[in-house]
Every structure is written in structure tokens, then in C-alpha cells.
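Single-structure report; data block below.
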Number of protein chains: 2
Amino acid sequence: MIEKVPPFIIQDISPIVDGGKYPIKREVGDLLTVTASVFRDGHDVIRVLLKHREKYGNGNWQETVMECINAGLDLWRGTFALVKNTRYEYTVEAYSDFYRSWLKEAKLKFDAGQNIDSELIEGDRYLNSVIPLITHKEESIYCTDLLNLISIVESLPDKLKLYADSVLIELIHKYAPRDYGTTYEPYLEVIVERVKARFAAWYEIFARSQGTQPGKSATFYDCIKRLPEIKGMGFDVLYLTPIHPIGYTKRKGPNNSLVSATEDPGSPYAIGNDTGGHTAIEPGLGTIDDFIVFEKACKEHGLEVALDFAINCSPDHPYVKEHPEWFFVRPDGTIKYAENPPKKYEDIYPLNFYAAAGNWMALWQEMKNVLTFWIEKGVRIFRVDNPHTKPVPFWQWLITELQKDYPDVIFLSEAFTRPPVVKTLAKIGFTQSYTYFTWRNFKAEIIEYLTELTQTNVNEYLRGNFFANTPDILPTFLQQGGRPAFKIRFILASTLSSVYGIYSGYELCENTAVPGKEEYLNSEKYEYKVWDWNRSGNIKDYITKINKIRKENKALHYYKNLRFYYAENDNILFYGKATAEGDSIILVAVNLDPFTAHSSKLIIPIRELGISEDETYQLNNLITGEKLLKKGSEHYATLNPEIEPAYIYRIERWLHKEKGFDYFGM
Amino acid sequence: MIEKVPPFIIQDISPIVDGGKYPIKREVGDLLTVTASVFRDGHDVIRVLLKHREKYGNGNWQETVMECINAGLDLWRGTFALVKNTRYEYTVEAYSDFYRSWLKEAKLKFDAGQNIDSELIEGDRYLNSVIPLITHKEESIYCTDLLNLISIVESLPDKLKLYADSVLIELIHKYAPRDYGTTYEPYLEVIVERVKARFAAWYEIFARSQGTQPGKSATFYDCIKRLPEIKGMGFDVLYLTPIHPIGYTKRKGPNNSLVSATEDPGSPYAIGNDTGGHTAIEPGLGTIDDFIVFEKACKEHGLEVALDFAINCSPDHPYVKEHPEWFFVRPDGTIKYAENPPKKYEDIYPLNFYAAAGNWMALWQEMKNVLTFWIEKGVRIFRVDNPHTKPVPFWQWLITELQKDYPDVIFLSEAFTRPPVVKTLAKIGFTQSYTYFTWRNFKAEIIEYLTELTQTNVNEYLRGNFFANTPDILPTFLQQGGRPAFKIRFILASTLSSVYGIYSGYELCENTAVPGKEEYLNSEKYEYKVWDWNRSGNIKDYITKINKIRKENKALHYYKNLRFYYAENDNILFYGKATAEGDSIILVAVNLDPFTAHSSKLIIPIRELGISEDETYQLNNLITGEKLLKKGSEHYATLNPEIEPAYIYRIERWLHKEKGFDYFGM
């Protein structure tokens with residue numbers, strides 16, 4: 001038998017991910033608008049509240065009144081501000097507003113000429129039951145006085161006006177018990193992250209290849225010398241591939257060869273040797289203290305360090321001796337190296353996250369300890385290597401646990417795998433995700449994929465960090481298209497998404513590949529390298545200019561506001577972003593063909609932007625500096641990949657309108 | 001700390017309603033095909049099972065192997081048969097198939113020329129752990145012998161072939177423990193109802209007006225005389241408006257007037273007087289024994305009785321004296337009548353489903369007792385009056401409780417209210433629902449609404465029972481359009497939905513309305529009536545013909561298989577239904593304009609139906625009897641509402657193809 005009858009049906013809450021199984025994501029400063037379908041039987045006036053509280057707070061709810069925005073669909077809407085970098089719980093509570101129901105009924109009957117003596121008795125009886133519950137003295141006196149006045153007044157219309165006193169109604173809402181109420185459960189959750197989770201430009205380096213001496217590891221001090229240049233290009237996050245000691249056993253040689261010479265440094269992803277594991281620094285780079293100096297220097301340059309979290313152990317990792325129970329063992333007692341048969345990865349041992357209960361609990365805890373070690377050194381961004389080869393529940397546990405104490409930690413998931421896996425890792429807590437952007441080159445596929453990422457429910461939980469290249473991926477488009485291709489892919493990465501990255505060398509248009517593959521020839525993964533960062537043909541100025549445009553135009557700080565617009569020519573992609581307030585509007589036209597100039601008619605969505613057909617507005621081409629006064633929606637552009645493969649236009653209004661940008665609401 | 005690591009992610013299960021919060025609905029004999037996205041980390045061969053069991057059964061699961069239908073989306077599919085009228089639970093279980101993973105790895109390594117000694121040891125070790133678990137003697141011997149054979153055979157390829165023995169693999173699946181498995185929870189539910197829940201033609205009557213003596217109640221024996229005619233028209237369900245004693249206090253007179261004369265029978269919805277309440281029979285109709293005779297007669301005619309469950313109490317209902325605590329009380333101690341201020345319904349008292357805990361529990365139980373009373377008399381269909389004015393949890397409890405013991409009971413929800421409420425009542429268990437069909441007259445609105453009902457997720461839980469009229473609704477279309485309109489709305493109701501109904505008088509094209517309203521003038525609700533069931537202008541022959549076509553053509557027995565097709569003329573609606581097997585294909589063209597003849601080009605969806613451009617097929621017009629041999633998709637029809645406002649075509653294939661009708665899958 002049901003104990004209590006919950007009279008309200010509360011359903012179709014939005015935003016929501018998988019019916020509330022996973023949290024939604026937002027950033028500090030956002031407003032969260034929630035809608036829900038809410039109803040009960042009968043004709044009561046109902047009151048619907050949007051409630052939220054910090055998940056790890058004092059347990060007290062904050063309430064916002066929801067308003068009915070569509071009575072036919074019983075649709076209610078409310079909003080609250082996400083002021084803190086933390087997890088919030090939110091839910092909807094509905095209850096019958098006894099007093100306003102009573103008041104409405106009494107008025108309707110009175111207006112219809114019916115006797116309301118019985119109603120007045122009921123109303124007074126209710127008020128007399130509520131007033132004693134008012135704990136605030138002045139409020140209590142106010143109500144008592146009002147009730148006395150009501151009893152004295154003889155005219156029924158005047159009585160009803162006094163009953164409808166708005167202060168009285170507010171006090172009843174504040175103090176009256178909420179009988180016949182229903183609260184939606186389980187509570188929903190929103191992870192509110194710092195703005196950098198959404199808006200940042202990443203630059204990836206192998207620290208050991210930032211120096212000037214061939215065949216020798218660069219140190220953190222060499223890296224510090226590089227900072228002005230990296231910051232100068234406009235980057236915010238400096239992401240280092242693993243900086244830990246590298247194993248000796250089966251160390252890989254150049255181009256991933258099985259044989260290495262003594263001087264070969266090995267892959268930094270084969271972590272651990274006798275000098276330490278995941279909490280140690282590769283001696284060639286320096287010491288922990290050197291790292292801290294480096295990190296401080298980064299901060300002074302306005303750069304934040306991101307570390308690589310790659311859970312691979314070389315056979316020489318201290319764990320192998322200390323915790324053989326964390327590994328997979330062969331019948332002969334030896335430890336299994338990583339493999340995807342028939343492929344073998346002899347320089348690394350995978351960890352067994354499903355080991356016997358006590359063992360995996362200790363292993364998981366150790367992984368948390370590793371990250372806590374770096375967090376305590378000041379690191380707040382981790383790029384996670386191949387998370388899809390470890391259990392999803394492990395990541396869910398790890399991220400939730402760490403963000404409890406350190407809500408500002410950002411986790412980037414490097415899961416280049418099937419869509420359900422990519423999405424699930426985002427759902428369970430990864431702040432950002434690598435995407436298939438790298439392999440979306442042409443108009444239809446870019447529009448389809450980006451629409452899915454930014455305009456469907458996926459945008460509630462997955463923030464795509466668009467890398468134009470990585471040490472593992474030198475896309476065919478860059479191999480084939482040369483310098484124009486590098487500019488095209490850069491502008492796409494940096495304006496389609498609010499958060500993007502490049503792997504160093506990109507600015508030099510480095511594109512020598514292993515023939516027939518998407519891999520770099522003589523990759524830094526297996527060698528020390530020395531680069532001429534000013535070599536001819538570089539696009540450093542271009543990168544600097546685009547990053548400056550990104551910073552200066554607020555529309556480009558957002559992720560979900562991407563909209564695609566009409567360009568007649570299929571080689572030209574035309575899209576835009578605007579702020580919810582409409583005070584920043586950016587349009588981008590990109591020639592996707594790195595070989596040939598193309599011209600196209602573009603349709604500027606003036607109606608959507610609240611611009612009327614006969615309004616004059618200004619179109620500033622932020623790439624060329626050209627300015628244009630325009631009327632109407634048609635525009636023509638010619639984009640020559642050798643000169644300017646893309647234009648970024650800023651629309652400047654000559655008259656300011658208060659409204660009209662609802663469409664761009666986040 | 002997590003106790004056990006569930007390695008699998010199982011999500012996006014389909015079909016599902018609100019993430020599994022509510023059951024889906026099917027009918028006995030259906031196959032239920034379930035898809036799910038299933039994956040885990042790593043490279044294991046995985047095994048995915050669709051499991052189901054009777055909800056009130058012995059707890060044992062039945063298992064069906066799911067197959068991977070899209071590896072890139074990790075999408076798996078399985079099917080099981082719904083053989084019984086009951087509730088089933090279903091879920092998906094996934095686990096790592098250790099043996100097949102091992103076998104795959106060993107083979108890959110062997111094929112790549114790698115040493116597999118260690119793998120062979122692992123395999124044998126595993127088999128030796130599983131064989132002791134085989135409880136069936138012959139199966140055990142088979143495996144032991146095979147293992148002996150494997151140990152003797154020297155050739156590695158031969159060994160590997162023996163390891164891959166399909167019987168061995170099946171036995172491992174049967175007996176091996178499923179380590180590293182995950183089962184989706186909470187379990188999902190499907191309500192499997194009898195076919196009549198989906199396919200039936202309803203005929204609604206006021207029993208008291210089935211006689212021949214003016215101003216006097218007909219009896220159940222008069223009703224029995226009507227059965228041959230009703231069955232003759234092809235109806236399956238005979239639905240009676242309330243047959244219980246009617247209150248005296250404030251009894252309504254003709255046309256809902258507040259004053260009634262002694263001879264006025266009152267509204268049968270004002271239930272209860274000194275002769276009894278919801279389990280009694282209005283004396284004018286007869287006795288309980290008479291009802292049982294009537295019910296038996298119905299059964300003999302192939303008609304099933306549906307009763308009206310209207311939870312209204314007249315002030316004279318026995319409950320009022322016996323259980324005043326079930327009602328709402330005014331300050332002066334009197335009981336409140338029903339009202340929707342300023343409207344009053346003085347002849348009925350509403351029940352308080354939220355009364356004090358002990359009271360509402362007793363009230364709910366009494367409502368269950370009332371239905372159980374009639375169920376035990378053989379009634380298995382209830383049309384529920386205004387369910388939206390009672391708490392949703394009450395209905396959920398009542399239907400679930402009753403269907404536990406009587407899964408064949410059908411509940412039709414009469415909730416003419418807002419869409420979220422209509423849908424929620426269907427979700428929580430109502431078998432069928434009244435819809436807005438009555439108010440959808442024109443092409444675009446019919447297509448939009450019917451597409452929502454039959455082609456979206458709504459079809460998982462809501463079966464629309466399309467009533468062309470009701471005692472409360474004489475639609476404007478019928479008032480204005482006369483006889484052609486009655487034919488048009490009849491054909492729409494009976495072919496758009498597999499379950500539909502008319503309220504008696506429809507066959508006589510009775511359409512005299514209260515001016516300016518959608519109500520019948522001199523409604524049977526407040527008067528005894530005598531009808532001439534053969535009066536001129538009736539459409540009984542038409543109804544008989546259409547019901548015969550419905551019975552004879554299996555495509556029309558289904559609900560979700562409705563598809564709309566192209567008709568050039570906006571006055572003509574063109575649609576079709578086909579069975580999943582493609583052995584029954586029906587197309588319907590209806591002129592929606594009751595005043596004017598219209599002609600149109602129709603596009604017969606031959607490709608969708610698996611008919612090639614150059615294939616000759618036969619088009620039988622089941623209305624006119626005309627037969628036509630055709631090729632290609634274009635067809636022309638002229639529909640004169642005065643003669644034939646609609647054609648029903650049956651497509652007959654001249655060559656039979658095995659496949660091609662997947663599109664019509666349920």
C-alpha cells in the first residue's frame with residue numbers, strides 16, 4: 001500500500017541527460033533555465049519551485065518560483081544562477097497553493113452572485129492556522145492586523161481585496177506547510193566548471209624537444225625560454241606529453257622501431273624506471289623543483305600547465321616489483337605486456353583494473369594518489385591518455401572523488417574510439433573530449449557532425465576540444481594541402497569550437513608523414529628534436545591574429561551558439577556565433593579547398609540576428625581589416641587559399657535593439 | 001567504495017518509455033525486438049543476452065542471444081515472443097566471453113606465427129575449471145572426451161579446430177560462471193494484453209433506451225433483442241453507460257435542466273440511491289441476475305460487454321451515510337457537491353482520494369472491490385469516466401493490482417484534457433485512451449496528429465480508441481456535413497485506428513445539436529428514448545461493409561503500421577497499412593470534404609511495398625468491387641461524398657517475394 005499519495009506528476013524535465021542518470025555541464029556565471037511538465041488532478045492553483053543546492057554543501061535548498069509558460073502543455077520554467085565552481089543538485093517541487101485556490105474560488109463564486117459565507121469561514125480558518133507559524137515578529141503582526149481589518153470591513157469586494165494582499169500571500173508561501181506536494185526524484189545534477197573548461201587555446205609540446213642541443217634532452221629551463229613565444233601566439237594552456245622517467249626494457253627506437261640505441265630516449269608513454277614512476281620527473285628534464293619553477297613561470301606568462309595522465313607502466317616501473325598483483329600474469333608467472341593481437345606493445349604493461357577486490361581498490365586509490373600528488377603541486381588540467389581502455393566506473397569514481405575536493409580540475413578525454421564510448425566518458429564526468437573533428441574536412445560532414453555536437457542533447461555533457469593535429473595524427477588534409485590547409489584547419493578548430501588545440505610544429509606547417517599513414521615521420525615520440533621555431537613558411541602571425549580575434553570577440557567564447565548559414569558554393573562553409581545578449585556577432589566564411597580559390601554568395605541571417613531588411617549595418621572583415629556598410633542579407637566573398645582561405649566578419653549594429661537574440665540563448 | 005566493478009555500459013535500450021519509468025505495451029502473439037548499446041573496455045569477445053521473465057512468475061529468466069547489428073555504434077539486437085497475457089520484465093545482460101576471447105587471441109597469434117604455448121596452458125586451465133560444473137552427464141562426458149582428444153592431437157591447427165567445437169562453446173555458455181558481467185537495472189516492463197486491446201469495434205448504448213415503449217426504461221431483455229443487429233453490423237464490444245441506481249436529490253431533467261419531473265430518469269452518471277450504489281443495478285433495467293443473462297447473451301453473439309466506471313456519487317449514494325469521511329465537508333458540516341467554480345454539479349458529490357491516510361486507503365480498496373465485483377460477474381472491459389479528475393497514483397495502483405489477478409481486464413481512459421495528462425494516464429497503465437481524433441478533420445491536422453500517435457514513441461504506451469461520436473460530443477463536422485460526413489468520419493475512425501467506436505444513433509446519422517454547442521439536443525443522458533433503428537438515411541449497410549473489410553484484412557488489425565501517402569488534392573487523404581509479412585496491404589483514399597466531389601492523383605508507394613516499377617499488381621477497390629491491373633505508382637481517384645466518399649484498396653501481388661516489408665515492422 002502506498003504510504004503517501006504524491007498528487008503531482010512532474011516529468012519531461014529539461015535539461016537532462018539519460019533521464020537524470022548523468023549530470024549536465026555548465027560553467028561558472030551561466031544561468032540554468034529548467035523546464036518541466038507539471039500537473040495534478042483537480043482545479044487547484046498550483047505553485048512550482050525550481051530548487052537547487054550545492055551537492056557537497058550544507059544541504060539547504062535555494063528556491064526559485066517557476067512560471068507556467070504553456071498551460072496547454074502544463075509547461076513550467078524557472079532559472080537560477082550558477083555562481084560557483086562545484087556540483088549542484090536541482091529538482092522541481094510542486095504543491096497545491098491552498099490559499100490562492102481558495103481565493104480564486106471565492107472570487108469566482110462572488111462574481112457569479114453566489115453566496116460565499118461558507119468560503120469566508122474556510123479562509124479565516126486557514127489564515128488562523130497559518131499565522132501562528134510565522135516566526136518573524138513584524139511579519140506576524142502585519143498578518144494579525146490585516147486579519148483584524150478584514151473582520152471589521154463589511155463590504156465583500158473590499159474584504160476580497162484585502163484577502164488578496166500580496167504581502168500576505170508571500171508570507172503564506174513562506175510559512176504555510178506544503179501539503180499535497182511532490183518533489184521530483186532522484187535529484188538532478190549539474191557540474192559547474194570554470195570558464196576555461198569551455199574557452200581556451202591549447203598548445204601541446206614534448207618538453208624534451210624544446211631545447212637547442214641536438215641529441216640531448218631539453219630541460220624545464222629550456223621550456224621556460226619558449227613561454228613568451230607560446231603566450232605571444234595567444235595560447236592559454238600548455239600541455240606536456242608525459243614528463244616521467246621512461247623504461248629501458250624493450251625501449252622503442254626512432255619511428256617506433258623495436259630496437260633502440262643507447263642514446264634513444266624512448267617513448268614517454270612507457271612510464272617508469274628505477275628513478276621512479278608516475279610521480280617522478282624524467283631526469284633529463286630536471287627535478288620536481290625544476291618543474292615547480294617551470295609551472296610558476298607558466299603562470300607568470302598567463303599559461304596553465306596540463307599534464308598527460310597515461311596509465312601505462314614500463315616493465316621497469318616501480319609498481320611491477322611493489323605491486324605485481326596489479327598486473328596480468330601469464331601461466332609461466334611472467335607479466336603480460338600490452339597487446340591487441342597480433343599487435344604487441346612490448347615496452348608497456350597494462351594494469352588490471354579488475355584485479356581481485358582488495359587489489360583493484362588499492363590500485364584505484366593509487367591512481368587517485370598520483371593525480372592528487374600533481375594537483376598539490378598546482379596542476380589543475382589533465383589530458384587522459386586512452387581512457388577507453390580502462391573501466392568506465394573507474395573514471396567515474398576518480399573524477400567524482402577528485403572534483404569533490406578540487407572542483408577546478410579539468411579532465412580531457414583522449415578516446416579516439418566509437419561514438420557510444422566517447423559519449424559515455426563525457427557523461428560520467430570528463431570535462432572535455434577529443435572528437436572526430438580531425439577527420440571532418442568537407443562541408444556536409446562538418447555541418448552534420450558539428451550540429452550533432454553543439455545543437456543536440458550531446459551539448460549538455462560533451463565539450464569537444466578540437467585538436468587540429470596530435471603527435472599521433474597528422475591528417476591527410478594537412479599532408480596534402482600544405483600551408484593553406486594548415487590555415488584552414490586552424491581557423492576551423494579555433495572558431496567552430498570555443499576550446500581547441502594544436503600540437504607544436506603545426507605553426508611551422510610540419511607535415512612530413514610516414515608514407516601512407518597519418519603519422520609523423522621521425523616522430524618526437526621516439527627522438528629528441530631541435531626545432532627552428534622561425535623557419536620560413538610558418539603561420540605564427542596567422543595564429544596570433546586568430547587567437548586575438550577569439551579573445552576580443554565574446555561570441556567566440558561560447559560553444560553551443562554555433563549556427564551554420566547558407567553559402568551557395570559547396571567548397572565554402574559559412575557559420576556564425578553570437579552572444580545571448582546580441583552584443584557580439586561573428587560570422588566566418590572558410591574555403592575548404594586548399595588548392596583553389598572559390599567565390600560564393602553567402603546569406604547573412606539578418607532576421608535571426610534581429611536586423612531588419614532596411615537596416616544599415618557594418619560588416620568588419622577582421623582578417624583583412626576591410627569595413628563595409630551593408631543592407632539586406634546577400635553577401636559575396638572570394639576566398640583564395642594562397643592569400644586568405646577564410647574571412648571572419650564582425651557585425652556592428654548602428655542602432656541598438658533590446659531584444660531579438662533569444663535564438664542564441666545558451 | 002564500489003563493491004564490484006560492473007565493466008559493461010548498457011544504454012539506449014529501445015523500446016523504452018521515459019527511461020524505463022513506465023512499461024511499454026504489446027499484445028499476445030507479438031515479437032518484442034529490443035536493441036541496446038553495449039560495450040566495455042578492452043578487446044574481449046562479449047556475449048549479450050536479452051532476458052525476460054513473467055513479472056508474477058517463478059522468477060526464472062529466459063534468455064535470448066543478442067547479435068551485434070552495428071559494431072561502430074556497439075548496437076545489439078534480440079527478440080523474444082510474447083506468448084502470454086501478463087506483464088513481463090525484460091533486461092539486457094552482457095559479459096565477457098572468456099573462452100571465445102581466449103580462442104580468438106590464440107588463433108590471431110598462431111596465424112601471425114607467434115608462439116602460443118602459454119595460451120594453450122591458459123585454455124586448458126580454463127576448460128578444466130568449467131567441465132566439473134557441467135551437471136548433465138552426457139554433456140560432461142562429451143567435453144571430457146574432447147579435451148582428451150585435444151591433448152593427444154599434435155597438430156596445432158587441428159588442436160585449434162577442436163577448441164572451436166561449437167557444441168563445446170555452447171556448453172561453456174550454458175555452464176561457465178559469468179564473471180565480469182553487467183545486467184541492466186532497473187528491469188524494464190512490458191504489459192502484454194489480449195489482442196482485443198488493439199483490435200476491436202465498439203458500440204456504445206444507453207441500455208435504458210434500447211426498448212420500444214416511450215417514457216419507460218428498457219430492460220436487459222430489451223437489450224438482448226438488439227444484439228443480433230449490433231453484431232450484424234460487425235461490432236465486438238458493447239459498451240453500456242452506467243447501469244446503476246440513479247440519485248433523486250437534485251436529479252437533472254431533460255437537456256441538463258436543474259428541475260426534473262417525477263418521470264425523468266436522471267443522468268446515469270449521478271450514481272447511487274437507497275437501492276444501492278456502484279455494485280447495484282438500476283431497477284428499471286432489471287436485476288443482477290438479468291444482467292448476467294444479458295451478458296451471456298452478448299457472449300453468445302460474440303459481443304463483449306464493457307461497463308462504465310464513473311466514480312461519482314449522488315447525494316443518495318449509500319457511501320454518503322456509510323463513509324462520510326470519503327467526501328469533502330463544508331464548514332457547516334454538509335458535504336460539498338462537485339463544482340468547477342462558478343459551475344455547479346449539484347447532483348453529484350466527488351470523492352476525496354486524498355482524505356486522511358486510513359480513509360483514502362479504505363476508499364481506494366473499495367474502488368477495487370467495486371471493479372472486482374463486476375470482474376467476478378464476467379466483465380473484463382471498463383471505460384473509465386474522467387480519470388484525470390482523480391489522482392494518477394490511484395489509477396496506477398488500481399490497474400496494476402487488478403491486472404495482477406486479471407491480466408485480461410481492459411481499461412479505456414476517457415480523459416478529454418491536456419496532452420501531458422492524457423499521455424500520463426496511458427503510461428501508468430490504461431490500456432486504451434480516448435483521443436483528440438474527434439476534433440481532427442482536415443488533412444494536415446490528421447496527418448500531424450496520427451503521425452504523433454502511431455509513429456513516435458507515444459505508440460509504445462498509448463493506444464488511441466477513436467470514437468467518432470460520444471453522448472457528450474456531436475462534432476461540428478457531423479452537424480454540418482450530414483450523411484456524407486458520417487460516412488467520412490466512420491471510415492477514418494475505423495481504418496486510421498485498429499480500435500474505434502461509435503455511440504448508437506451514429507448509424508442513423510442523428511445530428512440534432514443544442515444550438516451552438518457540440519451536444520445532442522434532448523440527449524439520452526437525461527431522458528428515456530425510443531429509436532427507429534431502421535429509419536431512412538441510415539448507414540448501417542455501410543458500417544457493416546467496412547467492419548467486414550476490417551475483419552477480413554489483417555493489415556487493418558494493427559495500429560502502428562499506419563503510413564500516410566501522397567495525394568495531390570488537399571481534400572483527399574491517402575494512407576495505408578500493411579502487415580509485417582506483407583501478406584496484407586490496404587490503401588485508403590478519403591475525401592475529407594462532405595460537400596463536394598474531389599479528384600486527385602495518388603502516389604501508391606510501390607517501392608516501399610517491395611513492388612518494382614515494371615511489376616504488374618492488382619488493385620481491388622473493396623468499396624466498389626472494381627478490380628484493376630496496374631503498373632507503376634500513379635493512380636487517379638474521384639471521390640463523390642454523396643456516392644462514395646472513400647475507397648479502400650487491397651493490393652494483390654502477382655508474384656510473391658520473401659522480403660521487402662521490413663519498413664512495416666511493428
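Here's how to read the names in the C-alpha cells: chain A, B, ... by the order shown, residue numbers from 1 in each chain, ligand numbers from 1 in the order shown.
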
(Q) When you look at stretch 134-138 of chain B with a cut-off of 10 Å (counting only C-alpha atoms), what residues show up, excluding the ones that are within fewer than 6 positions of it in the same chain? I need them as a ChimeraX atom specification. (A) /B:144,171-172,174-176

Counting only C-alpha atoms, what are the residues of chain A within 7 Å of chain B, and for each of them which pair of atoms is the nearest and at what distance in Å, to one decimal? Sort the table by chain and rising number, as CSV.
residue,atom,partner,partner_atom,distance
A:Val5,CA,B:Pro393,CA,6.8
A:Pro7,CA,B:Pro391,CA,6.0
A:Gly19,CA,B:Gly19,CA,5.9
A:Asp41,CA,B:Thr389,CA,4.9
A:Gly42,CA,B:Thr389,CA,5.4
A:Gly72,CA,B:Arg418,CA,5.7
A:Leu73,CA,B:Pro420,CA,6.2
A:Glu105,CA,B:Pro341,CA,6.0
A:Leu108,CA,B:Pro342,CA,5.7
A:Lys109,CA,B:Pro342,CA,5.2
A:Ala112,CA,B:Pro342,CA,6.3
A:Ser118,CA,B:Pro331,CA,6.2
A:Ile121,CA,B:Pro331,CA,6.8
A:Glu122,CA,B:Pro331,CA,6.5
A:Arg330,CA,B:Ser118,CA,6.9
A:Pro331,CA,B:Ser118,CA,6.2
A:Pro341,CA,B:Glu105,CA,6.0
A:Pro342,CA,B:Lys109,CA,5.2
A:His388,CA,B:Asp41,CA,5.7
A:Thr389,CA,B:Asp41,CA,4.8
A:Lys390,CA,B:Asp41,CA,5.6
A:Pro391,CA,B:Asp41,CA,5.7
A:Pro393,CA,B:Val5,CA,6.8
A:Arg418,CA,B:Gly72,CA,5.7
A:Pro419,CA,B:Leu73,CA,6.4
A:Pro420,CA,B:Leu73,CA,6.2

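As for atom CA of B:Lys554 and atom CA of B:Ser498, they are spaced 10.1 Å apart.
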
Q: Do a neighbour search on stretch 625-635 of chain B at 6 Å with only C-alpha atoms, toss out local chain neighbours closer than 3 positions, and write the hits as a VMD selection string.
A: chain B and resid 601 to 604 606 613 615 to 622

Q. Interatomic distance between atom CA of A:Leu103 and atom CA of B:Ala270?
A. 28.7 Å

Q. For B:Ile191, which residue among B:Arg251, B:Lys368, B:Lys299, B:Lys25 is the nearest when counting only C-alpha atoms?
A. B:Lys25
